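For reference, protein_13.pdb is printed below; it contains PDB, C-alpha atoms.
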```pdb
ATOM      1  CA  MET A  25      15.257  16.104 -14.526
ATOM      2  CA  PRO A  26      12.129  18.062 -13.534
ATOM      3  CA  LEU A  27      12.084  21.719 -12.688
ATOM      4  CA  VAL A  28      13.461  22.029  -9.133
ATOM      5  CA  PHE A  29      13.905  24.802  -6.585
ATOM      6  CA  ALA A  30      16.730  25.740  -4.238
ATOM      7  CA  GLU A  31      14.215  26.518  -1.478
ATOM      8  CA  PRO A  32      10.857  24.850  -0.645
ATOM      9  CA  PRO A  33       8.246  26.513  -2.907
ATOM     10  CA  ILE A  34       5.312  25.855  -0.544
ATOM     11  CA  SER A  35       4.786  25.945   3.219
ATOM     12  CA  LEU A  36       4.283  22.995   5.544
ATOM     13  CA  TYR A  37       0.814  24.369   6.292
ATOM     14  CA  THR A  38      -0.058  24.030   2.610
ATOM     15  CA  ALA A  39       1.328  20.488   2.566
ATOM     16  CA  HIS A  40      -0.748  19.557   5.639
ATOM     17  CA  ALA A  41      -3.883  20.982   4.025
ATOM     18  CA  LEU A  42      -3.275  19.095   0.781
ATOM     19  CA  ALA A  43      -2.528  15.841   2.648
ATOM     20  CA  ALA A  44      -5.817  16.232   4.520
ATOM     21  CA  PHE A  45      -7.586  16.843   1.209
ATOM     22  CA  PHE A  46      -6.034  13.762  -0.412
ATOM     23  CA  THR A  47      -7.104  11.581   2.525
ATOM     24  CA  ALA A  48     -10.608  13.005   2.882
ATOM     25  CA  SER A  49     -11.152  12.801  -0.869
ATOM     26  CA  TYR A  50     -10.064   9.164  -1.086
ATOM     27  CA  VAL A  51     -11.881   7.824   1.973
ATOM     28  CA  GLY A  52     -14.874  10.120   1.496
ATOM     29  CA  SER A  53     -15.319   8.996  -2.105
ATOM     30  CA  LEU A  54     -16.079   5.489  -0.836
ATOM     31  CA  TYR A  55     -19.187   6.833   0.912
ATOM     32  CA  LEU A  56     -20.163   9.803  -1.228
ATOM     33  CA  SER A  57     -22.144   7.768  -3.740
ATOM     34  CA  LYS A  58     -25.181   5.819  -2.569
ATOM     35  CA  SER A  59     -24.141   2.836  -4.687
ATOM     36  CA  ALA A  60     -20.756   2.735  -2.927
ATOM     37  CA  ARG A  61     -22.151   2.743   0.607
ATOM     38  CA  THR A  62     -22.650  -0.354   2.688
ATOM     39  CA  ILE A  63     -26.028  -0.968   4.295
ATOM     40  CA  TYR A  64     -26.424  -2.855   7.551
ATOM     41  CA  LYS A  65     -29.750  -3.573   9.258
ATOM     42  CA  THR A  66     -29.843  -2.850  12.966
ATOM     43  CA  GLU A  67     -32.328  -5.627  13.722
ATOM     44  CA  VAL A  68     -31.005  -8.821  12.204
ATOM     45  CA  PRO A  69     -31.299 -12.216  13.952
ATOM     46  CA  ASN A  70     -27.860 -13.176  15.165
ATOM     47  CA  ASN A  71     -27.490 -16.839  16.058
ATOM     48  CA  THR A  72     -23.742 -17.048  15.567
ATOM     49  CA  LYS A  73     -21.234 -17.762  18.284
ATOM     50  CA  PRO A  74     -18.928 -14.975  19.529
ATOM     51  CA  GLY A  75     -16.118 -14.497  17.030
ATOM     52  CA  GLU A  76     -18.123 -15.794  14.070
ATOM     53  CA  GLU A  77     -19.347 -13.679  11.173
ATOM     54  CA  ARG A  78     -23.145 -13.578  10.971
ATOM     55  CA  ALA A  79     -25.245 -14.396   7.915
ATOM     56  CA  LYS A  80     -25.903 -11.515   5.516
ATOM     57  CA  ASP A  81     -29.496 -10.334   5.166
ATOM     58  CA  SER A  82     -30.866 -10.061   1.630
ATOM     59  CA  GLU A  83     -31.561  -6.351   2.080
ATOM     60  CA  GLU A  84     -28.044  -5.523   3.210
ATOM     61  CA  ARG A  85     -25.075  -4.337   1.159
ATOM     62  CA  TRP A  86     -21.652  -5.463   2.394
ATOM     63  CA  ARG A  87     -18.248  -4.266   1.166
ATOM     64  CA  ASP A  88     -17.688  -7.477  -0.818
ATOM     65  CA  ASP A  89     -20.965  -7.175  -2.740
ATOM     66  CA  PRO A  90     -20.223  -6.823  -6.494
ATOM     67  CA  ALA A  91     -22.165  -3.554  -6.829
ATOM     68  CA  VAL A  92     -20.338  -2.013  -3.863
ATOM     69  CA  ILE A  93     -16.947  -3.130  -5.159
ATOM     70  CA  ARG A  94     -17.595  -1.687  -8.621
ATOM     71  CA  ALA A  95     -18.828   1.629  -7.250
ATOM     72  CA  ARG A  96     -15.921   1.965  -4.831
ATOM     73  CA  MET A  97     -13.299   1.140  -7.462
ATOM     74  CA  ILE A  98     -14.753   3.851  -9.693
ATOM     75  CA  ALA A  99     -14.917   6.323  -6.789
ATOM     76  CA  ALA A 100     -11.330   5.607  -5.704
ATOM     77  CA  SER A 101     -10.101   5.987  -9.280
ATOM     78  CA  ILE A 102     -11.846   9.349  -9.684
ATOM     79  CA  SER A 103     -10.488  10.551  -6.339
ATOM     80  CA  THR A 104      -6.998   9.461  -7.336
ATOM     81  CA  ALA A 105      -7.230  11.328 -10.642
ATOM     82  CA  LEU A 106      -8.399  14.400  -8.728
ATOM     83  CA  SER A 107      -5.401  14.202  -6.370
ATOM     84  CA  VAL A 108      -3.014  13.870  -9.312
ATOM     85  CA  GLY A 109      -4.701  16.886 -10.872
ATOM     86  CA  VAL A 110      -4.133  18.876  -7.682
ATOM     87  CA  VAL A 111      -0.419  18.023  -7.738
ATOM     88  CA  TYR A 112      -0.269  19.135 -11.381
ATOM     89  CA  TRP A 113      -1.995  22.397 -10.439
ATOM     90  CA  LEU A 114       0.441  22.874  -7.547
ATOM     91  CA  VAL A 115       3.486  22.328  -9.764
ATOM     92  CA  ARG A 116       2.004  24.687 -12.342
ATOM     93  CA  SER A 117       1.336  27.375  -9.722
ATOM     94  CA  VAL A 118       4.941  27.406  -8.404
ATOM     95  CA  THR A 119       6.598  27.216 -11.801
ATOM     96  CA  PRO A 120       8.130  30.555 -12.862
ATOM     97  CA  GLU A 121       6.307  32.210 -15.736
ATOM     98  CA  THR A 122       9.441  32.028 -17.866
ATOM     99  CA  GLU A 123       9.431  28.227 -17.529
ATOM    100  CA  VAL A 124       5.715  27.608 -17.906
ATOM    101  CA  ASN A 125       4.756  25.347 -20.772
ATOM    102  CA  PRO A 126       2.607  22.201 -20.770
ATOM    103  CA  SER A 127       5.553  19.889 -21.424
ATOM    104  CA  THR A 128       7.683  21.197 -18.549
ATOM    105  CA  VAL A 129       4.835  21.143 -16.033
ATOM    106  CA  PHE A 130       3.709  17.677 -17.153
ATOM    107  CA  ARG A 131       7.200  16.162 -16.928
ATOM    108  CA  SER A 132       7.848  17.817 -13.577
ATOM    109  CA  THR A 133       4.558  16.485 -12.200
ATOM    110  CA  LEU A 134       5.289  12.937 -13.358
ATOM    111  CA  ALA A 135       8.782  13.031 -11.840
ATOM    112  CA  ARG A 136       7.431  14.255  -8.495
ATOM    113  CA  LEU A 137       4.856  11.446  -8.580
ATOM    114  CA  GLY A 138       7.582   8.878  -9.207
ATOM    115  CA  VAL A 139       6.448   8.048 -12.726
ATOM    116  CA  THR A 140       9.908   7.718 -14.238
ATOM    117  CA  ALA A 141      12.162   5.044 -15.698
ATOM    118  CA  ASP A 142      15.324   6.719 -14.415
ATOM    119  CA  PHE A 143      16.844   4.956 -11.447
ATOM    120  CA  ALA A 144      20.505   4.043 -11.675
ATOM    121  CA  ASN A 145      23.133   3.976 -14.389
ATOM    122  CA  GLU A 146      20.460   5.290 -16.754
ATOM    123  CA  SER A 147      19.034   1.772 -17.021
ATOM    124  CA  PRO A 148      15.478   0.849 -16.021
ATOM    125  CA  VAL A 149      16.705  -2.699 -15.292
ATOM    126  CA  TYR A 150      18.063  -1.520 -11.963
ATOM    127  CA  ILE A 151      14.567  -0.638 -10.745
ATOM    128  CA  ILE A 152      13.921  -4.388 -10.436
ATOM    129  CA  PHE A 153      16.105  -4.730  -7.347
ATOM    130  CA  PRO A 154      14.035  -2.451  -5.062
ATOM    131  CA  CYS A 155      10.969  -4.450  -6.100
ATOM    132  CA  LEU A 156      12.598  -7.611  -4.728
ATOM    133  CA  VAL A 157      13.203  -6.283  -1.209
ATOM    134  CA  ILE A 158       9.793  -7.376   0.119
ATOM    135  CA  PRO A 159      10.015 -10.892  -1.399
ATOM    136  CA  VAL A 160      13.334 -11.238   0.438
ATOM    137  CA  LEU A 161      11.589 -10.337   3.717
ATOM    138  CA  TYR A 162       8.969 -12.986   2.933
ATOM    139  CA  LEU A 163      11.570 -15.739   2.565
ATOM    140  CA  GLY A 164      10.010 -17.643   5.497
ATOM    141  CA  PRO A 165       6.425 -17.659   4.148
ATOM    142  CA  LEU A 166       7.725 -18.405   0.643
ATOM    143  CA  PHE A 167       9.673 -21.378   1.964
ATOM    144  CA  ALA A 168       6.543 -22.650   3.727
ATOM    145  CA  ASP A 169       4.585 -22.251   0.480
ATOM    146  CA  TRP A 170       7.310 -24.213  -1.282
ATOM    147  CA  LEU A 171       6.957 -26.994   1.281
ATOM    148  CA  ALA A 172       3.192 -26.938   0.681
ATOM    149  CA  GLU A 173       3.832 -27.035  -3.083
ATOM    150  CA  THR A 174       1.651 -23.971  -3.660
ATOM    151  CA  LEU A 175       4.212 -21.712  -5.341
ATOM    152  CA  PRO A 176       3.788 -20.969  -9.073
ATOM    153  CA  PHE A 177       4.253 -24.061 -11.260
ATOM    154  CA  GLN A 178       4.352 -26.441  -8.293
ATOM    155  CA  GLN A 179       1.988 -29.394  -7.993
ATOM    156  CA  ARG A 180      -0.779 -27.648  -6.014
ATOM    157  CA  TRP A 181      -0.696 -24.418  -8.005
ATOM    158  CA  SER A 182      -2.596 -23.700 -11.203
ATOM    159  CA  VAL A 183      -3.241 -20.737 -13.451
ATOM    160  CA  LYS A 184      -7.012 -21.242 -13.267
ATOM    161  CA  GLY A 185      -7.236 -21.795  -9.527
ATOM    162  CA  ASN A 186      -4.528 -19.474  -8.197
ATOM    163  CA  LEU A 187      -3.527 -16.846 -10.750
ATOM    164  CA  LEU A 188      -6.664 -15.861 -12.649
ATOM    165  CA  PRO A 189      -8.807 -15.172  -9.532
ATOM    166  CA  LEU A 190      -6.279 -12.524  -8.491
ATOM    167  CA  PHE A 191      -6.926 -10.370 -11.537
ATOM    168  CA  THR A 192     -10.215 -11.474 -13.083
ATOM    169  CA  THR A 193     -12.615 -11.366 -10.118
ATOM    170  CA  LEU A 194     -14.003  -8.160  -8.629
ATOM    171  CA  ILE A 195     -12.480  -8.881  -5.217
ATOM    172  CA  GLY A 196      -9.161  -9.672  -6.876
ATOM    173  CA  LEU A 197      -9.220  -6.486  -8.943
ATOM    174  CA  ARG A 198      -9.998  -4.449  -5.824
ATOM    175  CA  ASN A 199      -7.395  -6.084  -3.583
ATOM    176  CA  TYR A 200      -4.530  -6.574  -6.020
ATOM    177  CA  VAL A 201      -4.958  -3.970  -8.773
ATOM    178  CA  VAL A 202      -7.156  -0.930  -8.143
ATOM    179  CA  GLY A 203      -6.617  -0.754  -4.373
ATOM    180  CA  PRO A 204      -2.797  -0.927  -4.329
ATOM    181  CA  ILE A 205      -2.331   1.329  -7.350
ATOM    182  CA  THR A 206      -4.700   4.086  -6.234
ATOM    183  CA  GLU A 207      -3.515   3.964  -2.619
ATOM    184  CA  GLU A 208       0.144   4.233  -3.623
ATOM    185  CA  ILE A 209      -0.561   7.116  -5.994
ATOM    186  CA  VAL A 210      -2.509   9.046  -3.356
ATOM    187  CA  PHE A 211      -0.840   8.144  -0.049
ATOM    188  CA  ARG A 212       2.691   7.774  -1.358
ATOM    189  CA  ALA A 213       3.195   9.738  -4.574
ATOM    190  CA  CYS A 214       0.870  12.704  -4.054
ATOM    191  CA  MET A 215       1.442  13.027  -0.321
ATOM    192  CA  LEU A 216       5.230  12.718  -0.412
ATOM    193  CA  ALA A 217       5.408  15.028  -3.416
ATOM    194  CA  VAL A 218       3.748  17.906  -1.566
ATOM    195  CA  TYR A 219       5.687  17.350   1.664
ATOM    196  CA  HIS A 220       8.937  17.259  -0.287
ATOM    197  CA  MET A 221       8.003  20.549  -1.959
ATOM    198  CA  ALA A 222       7.377  21.932   1.537
ATOM    199  CA  GLY A 223      10.870  20.959   2.683
ATOM    200  CA  ALA A 224       9.831  18.286   5.178
ATOM    201  CA  SER A 225      12.692  16.112   6.384
ATOM    202  CA  ARG A 226      13.064  12.568   5.049
ATOM    203  CA  THR A 227      12.605  11.205   8.578
ATOM    204  CA  LYS A 228       9.249  12.903   8.952
ATOM    205  CA  MET A 229       8.141  11.854   5.476
ATOM    206  CA  ILE A 230       9.080   8.222   6.148
ATOM    207  CA  PHE A 231       7.655   7.891   9.645
ATOM    208  CA  LEU A 232       4.780  10.383   9.804
ATOM    209  CA  THR A 233       3.019  10.342   6.417
ATOM    210  CA  PRO A 234       2.377   6.548   6.608
ATOM    211  CA  LEU A 235       0.361   7.155   9.778
ATOM    212  CA  VAL A 236      -2.178   8.934   7.592
ATOM    213  CA  PHE A 237      -2.251   5.835   5.401
ATOM    214  CA  GLY A 238      -2.855   3.718   8.490
ATOM    215  CA  PHE A 239      -5.630   5.930   9.855
ATOM    216  CA  ALA A 240      -7.293   5.919   6.439
ATOM    217  CA  HIS A 241      -8.125   2.251   7.086
ATOM    218  CA  LEU A 242      -9.959   2.881  10.368
ATOM    219  CA  HIS A 243     -13.337   3.033   8.639
ATOM    220  CA  HIS A 244     -13.151  -0.768   8.235
ATOM    221  CA  ALA A 245     -13.964  -1.049  11.945
ATOM    222  CA  TRP A 246     -17.614  -0.233  11.243
ATOM    223  CA  ASP A 247     -17.794  -3.052   8.684
ATOM    224  CA  THR A 248     -16.273  -5.526  11.104
ATOM    225  CA  TYR A 249     -18.555  -4.494  13.963
ATOM    226  CA  ASN A 250     -21.666  -5.019  11.832
ATOM    227  CA  ARG A 251     -20.547  -8.258  10.182
ATOM    228  CA  TYR A 252     -19.875  -9.852  13.550
ATOM    229  CA  GLY A 253     -23.279  -9.031  14.980
ATOM    230  CA  ARG A 254     -23.119  -5.588  16.644
ATOM    231  CA  THR A 255     -22.420  -7.162  20.032
ATOM    232  CA  ALA A 256     -19.805  -6.548  22.700
ATOM    233  CA  SER A 257     -17.809  -9.400  21.200
ATOM    234  CA  ALA A 258     -18.130  -7.801  17.759
ATOM    235  CA  ALA A 259     -16.888  -4.496  19.179
ATOM    236  CA  ARG A 260     -13.813  -6.195  20.661
ATOM    237  CA  ILE A 261     -13.075  -7.910  17.351
ATOM    238  CA  ALA A 262     -13.516  -4.623  15.472
ATOM    239  CA  ILE A 263     -11.222  -2.740  17.848
ATOM    240  CA  LEU A 264      -8.494  -5.401  17.911
ATOM    241  CA  SER A 265      -8.544  -6.031  14.167
ATOM    242  CA  THR A 266      -8.515  -2.301  13.446
ATOM    243  CA  LEU A 267      -5.591  -1.676  15.807
ATOM    244  CA  PHE A 268      -3.720  -4.541  14.174
ATOM    245  CA  GLN A 269      -4.480  -3.164  10.713
ATOM    246  CA  LEU A 270      -3.442   0.333  11.791
ATOM    247  CA  THR A 271      -0.118  -1.003  13.063
ATOM    248  CA  TYR A 272       0.517  -3.220  10.053
ATOM    249  CA  THR A 273      -0.424  -0.613   7.438
ATOM    250  CA  SER A 274       1.665   2.038   9.197
ATOM    251  CA  LEU A 275       4.732  -0.225   9.330
ATOM    252  CA  PHE A 276       4.200  -1.170   5.713
ATOM    253  CA  GLY A 277       3.811   2.524   4.920
ATOM    254  CA  PHE A 278       7.248   3.206   6.435
ATOM    255  CA  HIS A 279       8.695   0.667   4.008
ATOM    256  CA  CYS A 280       6.907   2.089   0.966
ATOM    257  CA  ALA A 281       7.717   5.703   1.839
ATOM    258  CA  TYR A 282      11.390   4.788   2.184
ATOM    259  CA  LEU A 283      11.361   2.985  -1.169
ATOM    260  CA  PHE A 284       9.644   5.903  -2.902
ATOM    261  CA  LEU A 285      12.028   8.517  -1.529
ATOM    262  CA  ARG A 286      15.113   6.365  -1.960
ATOM    263  CA  THR A 287      14.417   5.392  -5.560
ATOM    264  CA  GLY A 288      12.308   8.320  -6.743
ATOM    265  CA  SER A 289      10.009   5.792  -8.379
ATOM    266  CA  LEU A 290       6.433   4.726  -7.668
ATOM    267  CA  LEU A 291       7.025   1.231  -9.062
ATOM    268  CA  PRO A 292       8.806  -0.419  -6.070
ATOM    269  CA  PRO A 293       6.204   0.575  -3.445
ATOM    270  CA  THR A 294       3.350  -0.416  -5.756
ATOM    271  CA  VAL A 295       4.875  -3.824  -6.505
ATOM    272  CA  SER A 296       5.503  -4.290  -2.774
ATOM    273  CA  HIS A 297       1.880  -3.397  -2.017
ATOM    274  CA  VAL A 298       0.515  -5.914  -4.523
ATOM    275  CA  PHE A 299       2.896  -8.619  -3.290
ATOM    276  CA  CYS A 300       1.987  -8.100   0.377
ATOM    277  CA  ASN A 301      -1.734  -8.123  -0.392
ATOM    278  CA  ILE A 302      -1.319 -11.440  -2.195
ATOM    279  CA  MET A 303       0.846 -13.026   0.495
ATOM    280  CA  GLY A 304      -0.988 -11.635   3.515
ATOM    281  CA  PHE A 305       0.519 -11.280   6.972
ATOM    282  CA  PRO A 306       3.205 -13.936   7.692
ATOM    283  CA  GLN A 307       1.685 -16.890   9.571
ATOM    284  CA  TYR A 308       4.715 -18.297  11.357
ATOM    285  CA  SER A 309       2.770 -20.371  13.911
ATOM    286  CA  HIS A 310       0.595 -21.874  11.202
ATOM    287  CA  HIS A 311       3.610 -22.755   9.085
ATOM    288  CA  VAL A 312       5.329 -24.496  11.988
ATOM    289  CA  TRP A 313       2.102 -26.339  12.795
ATOM    290  CA  MET A 314       1.791 -27.514   9.193
ATOM    291  CA  PHE A 315       5.386 -28.744   8.984
ATOM    292  CA  PRO A 316       6.588 -29.591  12.510
ATOM    293  CA  LYS A 317       9.512 -31.631  11.191
ATOM    294  CA  ARG A 318      10.771 -28.587   9.273
ATOM    295  CA  ARG A 319      10.485 -26.235  12.232
ATOM    296  CA  ARG A 320      14.198 -25.351  12.328
ATOM    297  CA  LEU A 321      14.360 -24.748   8.596
ATOM    298  CA  ILE A 322      11.294 -22.529   8.725
ATOM    299  CA  GLN A 323      12.794 -20.553  11.594
ATOM    300  CA  LEU A 324      16.035 -20.185   9.637
ATOM    301  CA  ALA A 325      14.152 -19.011   6.548
ATOM    302  CA  TYR A 326      12.290 -16.380   8.589
ATOM    303  CA  LEU A 327      15.525 -15.136  10.171
ATOM    304  CA  LEU A 328      17.336 -15.056   6.845
ATOM    305  CA  GLY A 329      14.433 -13.090   5.417
ATOM    306  CA  ILE A 330      14.736 -10.454   8.143
ATOM    307  CA  ALA A 331      18.516 -10.239   7.745
ATOM    308  CA  GLY A 332      18.197 -10.087   3.981
ATOM    309  CA  TYR A 333      15.607  -7.345   4.252
ATOM    310  CA  ILE A 334      17.917  -5.188   6.379
ATOM    311  CA  TYR A 335      20.722  -5.662   3.857
ATOM    312  CA  THR A 336      18.701  -5.141   0.699
ATOM    313  CA  MET A 337      16.861  -2.077   2.011
ATOM    314  CA  ARG A 338      20.205  -0.284   1.945
ATOM    315  CA  TRP A 339      22.058  -1.796  -0.971
ATOM    316  CA  TRP A 340      19.267  -2.638  -3.432
ATOM    317  CA  THR A 341      17.509   0.727  -3.258
ATOM    318  CA  GLN A 342      20.354   3.132  -3.888
ATOM    319  CA  ALA A 343      19.527   5.362  -6.852
ATOM    320  CA  ASP A 344      22.239   7.399  -8.518
ATOM    321  CA  ASP A 345      20.518  10.684  -7.776
ATOM    322  CA  SER A 346      16.881  10.570  -6.638
ATOM    323  CA  LEU A 347      15.002  13.867  -6.579
ATOM    324  CA  PHE A 348      13.907  13.010  -3.025
ATOM    325  CA  TRP A 349      17.211  11.458  -1.860
ATOM    326  CA  PRO A 350      20.186  13.327  -3.357
ATOM    327  CA  ALA A 351      23.467  11.478  -3.803
ATOM    328  CA  PRO A 352      26.208  12.258  -1.257
ATOM    329  CA  GLY A 353      27.661  15.684  -1.926
ATOM    330  CA  ARG A 354      24.631  16.863  -3.898
ATOM    331  CA  VAL A 355      22.595  19.840  -2.736
ATOM    332  CA  ALA A 356      18.989  19.166  -1.729
ATOM    333  CA  ARG A 357      16.391  20.133  -4.333
ATOM    334  CA  TYR A 358      12.689  20.811  -3.889
TER
END
```
This structure in structure tokens:
Amino acid sequence: MPLVFAEPPISLYTAHALAAFFTASYVGSLYLSKSARTIYKTEVPNNTKPGEERAKDSEERWRDDPAVIRARMIAASISTALSVGVVYWLVRSVTPETEVNPSTVFRSTLARLGVTADFANESPVYIIFPCLVIPVLYLGPLFADWLAETLPFQQRWSVKGNLLPLFTTLIGLRNYVVGPITEEIVFRACMLAVYHMAGASRTKMIFLTPLVFGFAHLHHAWDTYNRYGRTASAARIAILSTLFQLTYTSLFGFHCAYLFLRTGSLLPPTVSHVFCNIMGFPQYSHHVWMFPKRRRLIQLAYLLGIAGYIYTMRWWTQADDSLFWPAPGRVARY
């Protein structure tokens, strides 16, 4: 158990300031270095139809260019390390002098960041169940993938064609490794750690901090606007896609914040993040179109997934005594 306090050791104002720093540091790092910035020409011939992505000019740098991806992964990693360092400094600054020693501060920092194997019954095996909540929600899409024979070890799935690209290509490393891990450390672990130390309520931490995570994705609108030709149609696409992403990432953030607070572990939200990035947003209409004769079964799978999600969010995430979610009868600790 880390060093805890009977009363919040920092103010909400301090937590707000640190949350703003975490966000500005992470998003700003993607543009601070010249090698990490995208470059779009203002005068590029655009012969595409409305709604189509234009051709990339040879002098431009888009977010999927290898050099940009490498630079941004490095920048995000450095920013994440900086945020973790700030949390360590914060824990060190509020630790009583009689308790100060590197081991105590280090262990307390890790626990507040959710880097712990303790979950329930003193067995790390139990941490597996919270990681399975999101796959339960995705029962409908998973059933459709099963019908399409694209699940692991089915006929249309292969290690070379489906698994390796996720973790051996630059885009795969960004989308499924570096992105999810750094975002969960910064926007979940660091942010919730400081708000918990400030005494913020669980409701506010679950439903307000993810909005910061959602707004941190708004900078993608500029990319979209340029890639689709800098026209009125491109602006509409950028606005609609950004609003959709804001909504989706905020809702997903609610889920991850709940998992983090409920379990006291960073592992479930990180696994959920990777899984959702791989699966993408559920495409119910597309699945029904692909398998019209299995329409009822697909509908049933989607409904069972939603029902299962509601059940598992309560019963598969219950830690014995999370630092952020004390067991019934236990006094809150900060």
Leu114 (chain A) proximity check over A:Tyr64, A:Tyr326, A:Phe305, A:Phe130, using all atoms listed in the file: winner is A:Phe130
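If you look at CA of Glu84 (chain A) and CA of Ser57 (chain A), they are 16.1 Å away from each other.
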#### Entry: Nearby residues (all atoms listed in the file) at most 7 Å from region 154-166 of chain A, same-chain spacing under 4 positions excluded, as a PyMOL selection string
chain A and resi 170+292+295-296+306+322+325-326+329-330+332-333+336-337+340-341
- Task: Would you kindly translate the PyMOL selection byres ((chain A and resi 46-49) around 8) into the concrete residues it picks from this file, as JSON, numbers by chain?
- Result: {"A": [42, 43, 44, 45, 50, 51, 52, 53, 103, 107, 210, 211, 214, 215, 236, 240]}
Separating CA of Ala168 (chain A) from CA of Cys300 (chain A), to the nearest tenth of an Å, is a gap of 15.6 Å
Kindly list the centre and edge lengths in Å, rounded to one decimal, for the axis-aligned box that covers all listed atoms of region 36-41 of chain A plus 8 Å on each of its six sides, as AutoDock Vina command-line options.
```
--center_x 0.2 --center_y 22.0 --center_z 4.4 --size_x 24.2 --size_y 20.8 --size_z 19.7
```
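Of the listed residues (A:Phe239, A:Trp339, A:Tyr249, A:Phe167), A:Phe167 comes nearest to Arg319 (chain A); the distances count all atoms listed in the file.
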**Asked** On this structure, which residues satisfy the PyMOL selection byres ((chain A and resi 195) around 12), written as a list in words?
**Response** Arg87, Asp88, Asp89, Pro90, Ala91, Val92, Ile93, Arg94, Arg96, Met97, Leu188, Pro189, Leu190, Phe191, Thr192, Thr193, Leu194, Gly196, Leu197, Arg198, Asn199, Tyr200, Val201, Val202, Gly203, Asn301 and Ile302 of chain A
Evaluated on this file, the PyMOL selection byres ((chain A and resi 32) around 8) picks out some residues - which ones are they, written as a PyMOL selection string? chain A and resi 29-31+33-35+220-223+358
Need a file for region 245-256 of chain A from that block: N, CA and C atoms, written as an mmCIF file, in the first residue's frame.
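Final output, saved to decode-v4.cif:
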```cif
data_model
loop_
_atom_site.group_PDB
_atom_site.id
_atom_site.type_symbol
_atom_site.label_atom_id
_atom_site.label_comp_id
_atom_site.auth_asym_id
_atom_site.auth_seq_id
_atom_site.Cartn_x
_atom_site.Cartn_y
_atom_site.Cartn_z
ATOM 1 N N ALA A 245 -8.423 17.641 -36.818
ATOM 2 C CA ALA A 245 -9.304 18.317 -37.772
ATOM 3 C C ALA A 245 -8.497 19.027 -38.864
ATOM 4 N N TRP A 246 -7.366 19.611 -38.479
ATOM 5 C CA TRP A 246 -6.531 20.313 -39.448
ATOM 6 C C TRP A 246 -5.985 19.334 -40.487
ATOM 7 N N ASP A 247 -5.569 18.159 -40.047
ATOM 8 C CA ASP A 247 -5.101 17.125 -40.972
ATOM 9 C C ASP A 247 -6.192 16.759 -41.967
ATOM 10 N N THR A 248 -7.376 16.501 -41.435
ATOM 11 C CA THR A 248 -8.487 16.078 -42.289
ATOM 12 C C THR A 248 -8.835 17.158 -43.309
ATOM 13 N N TYR A 249 -8.904 18.393 -42.854
ATOM 14 C CA TYR A 249 -9.248 19.508 -43.738
ATOM 15 C C TYR A 249 -8.262 19.620 -44.899
ATOM 16 N N ASN A 250 -6.989 19.455 -44.627
ATOM 17 C CA ASN A 250 -5.971 19.553 -45.675
ATOM 18 C C ASN A 250 -5.969 18.331 -46.593
ATOM 19 N N ARG A 251 -6.130 17.152 -46.027
ATOM 20 C CA ARG A 251 -6.087 15.937 -46.849
ATOM 21 C C ARG A 251 -7.270 15.846 -47.820
ATOM 22 N N TYR A 252 -8.368 16.485 -47.458
ATOM 23 C CA TYR A 252 -9.539 16.427 -48.326
ATOM 24 C C TYR A 252 -9.680 17.661 -49.214
ATOM 25 N N GLY A 253 -8.627 18.463 -49.306
ATOM 26 C CA GLY A 253 -8.597 19.491 -50.335
ATOM 27 C C GLY A 253 -8.827 20.920 -49.933
ATOM 28 N N ARG A 254 -8.970 21.226 -48.646
ATOM 29 C CA ARG A 254 -9.147 22.600 -48.171
ATOM 30 C C ARG A 254 -10.334 23.287 -48.835
ATOM 31 N N THR A 255 -11.408 22.560 -49.009
ATOM 32 C CA THR A 255 -12.624 23.100 -49.620
ATOM 33 C C THR A 255 -13.738 23.138 -48.571
ATOM 34 N N ALA A 256 -14.884 23.653 -48.985
ATOM 35 C CA ALA A 256 -16.034 23.665 -48.074
ATOM 36 C C ALA A 256 -16.435 22.240 -47.701
#
```
